[in-house]
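Data first, discussion second: the structure below is written as structure tokens.
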Amino acid sequence: MPRPSPTPRLADSITATGAIERLAPLGRRLVMGEGCMVAAQGTPIDTLSMVVSGRLVTSRRIQGQDVPIEIIGRGVLIGLEGLCGAARHGLNARSLTKVTLDLIPADTCRTLIRTAPDMALMALALLSLRLRQCIADTDRIKQTSATSRTASFLLSLVTDPESAAGPQTVKLPMSKKAIAAHVGITQQSLSRILRHLRPAGINVSGRTVHIAAPLVLAAIADGGE
Amino acid sequence: MSTSASAMRRAARNRLAGVHLDLLGPIISQYPLTHVAAHTQLFSPGEAADRFFLLIEGKVKLSSYDASGAESILHVFEPGDFFGLPALVGLKRYPAGGETVQDSSLAILPREAVYTWLRQSPEQAESLLAILGLRYLRMVDDLAGLKSHTPHQRLCQFLLSLAEATGPLPGHGSATFDMTLPQYMIAGRIGLAPENVSRALKRLREHGIDVRRGKVAVRDITLLRCLAEGDRLPRTAPPSQSHQEISP
């Protein structure tokens, strides 16, 4: 089975674009800065937030620990996982960059899901994409090395890895502690791995990462260490 | 995980199985049950998703495979679970493979039947979304566990979940229960190599947790809870006052 790509698939982008176009007229647009809480686990879902642009990190609190789950972007409908069940957010979501969101009242969404078959199928499709991403991430953490996962994370920071064959400078969107938790390793292991990646052209200074050759990093992410 | 949380989870699970059958009953009744032998591949990763399954009896594992063919078990479905719907409506292809672990009975519905049903009864989509939302959060919890817990902790959590699945657990004291999955499946489930599961199980003996011949004997369930939650172990385990036999 091919390893899940860190970049969204074309079919997913089409689903996301379709959902944004369908939902935009129903809500109001909001722009938020970096570091804002968009959803808090356990709070009632009054509105759903469709991500139009920007990046957020989701996390889930288990046994008193806030564990980063996924970095999400365009086309994710925040709150959908709890809309028709507990009616409470199952995850926290915090912006990592400036984000543009369409806020849609939860009641409007529920009514449409109950009455419009295309809306019902679209909501099932959007939640299915989240499930698949969760399966892919679980798979990756079980089957790939910590180095490969770290390389994959760094690669995901490159906006367009397909066309970015040359050197890239990107900013770490979270603290190293949070990144280590997201990758599923200790902070000490992350530091060690970043040191080991230096010969491959990865240099980290504070929150700035210089990637000399994204294709080399892609090979490491794909398991060639 | 606290006992009350696990009791709530069990209750939710029983309700869920009933909800699945109530919800899907009208379309399932139109299709005969299919009986499938153990170790039958129902679908493979990447295969076009053209059918949807409701498990009535047995067990089905959801697995992915790396380039060398090594298996990673993502989930084990139980009676009352449905699967294949996300692939059907959103993904077009199955993201993982499904194989029966035991002899199983399933209702297998073609894509068009599901689409027609959803078009005719869009109000049912709300219940399906609620079920998928719960499943998503369950998988998120698994992922969070993989990220934040040590392999040793994950093994203890798995043993505790087996114990909890059999019924109410005593607050403390000993317990025995069945090991319902073979070691290679446990390994896939918690993300460890099978040989490491063997070693980890042997190490648990020093904590009074003995796994032999399909049975798990725990000297003190409090200790297993502590190990599962990553707490510091009590200096001395409370003496066993009672022995509760737990049978599935």
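Every chain in the structure tokens has a letter given in the order shown (A, B, ...), and although residue numbers restart at 1 in each chain, ligands are simply numbered from 1 in the order shown.
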
**Prompt:** Could you write out as an MDAnalysis selection string the residues of chain B within 7 Å of chain A, counting only C-alpha atoms?
**Reply:** chainID B and resid 45 65:67 72 86 89:91 95 118:119 122:123 125:127 129:130 133 136:137 139:140 143:144 147:148 191
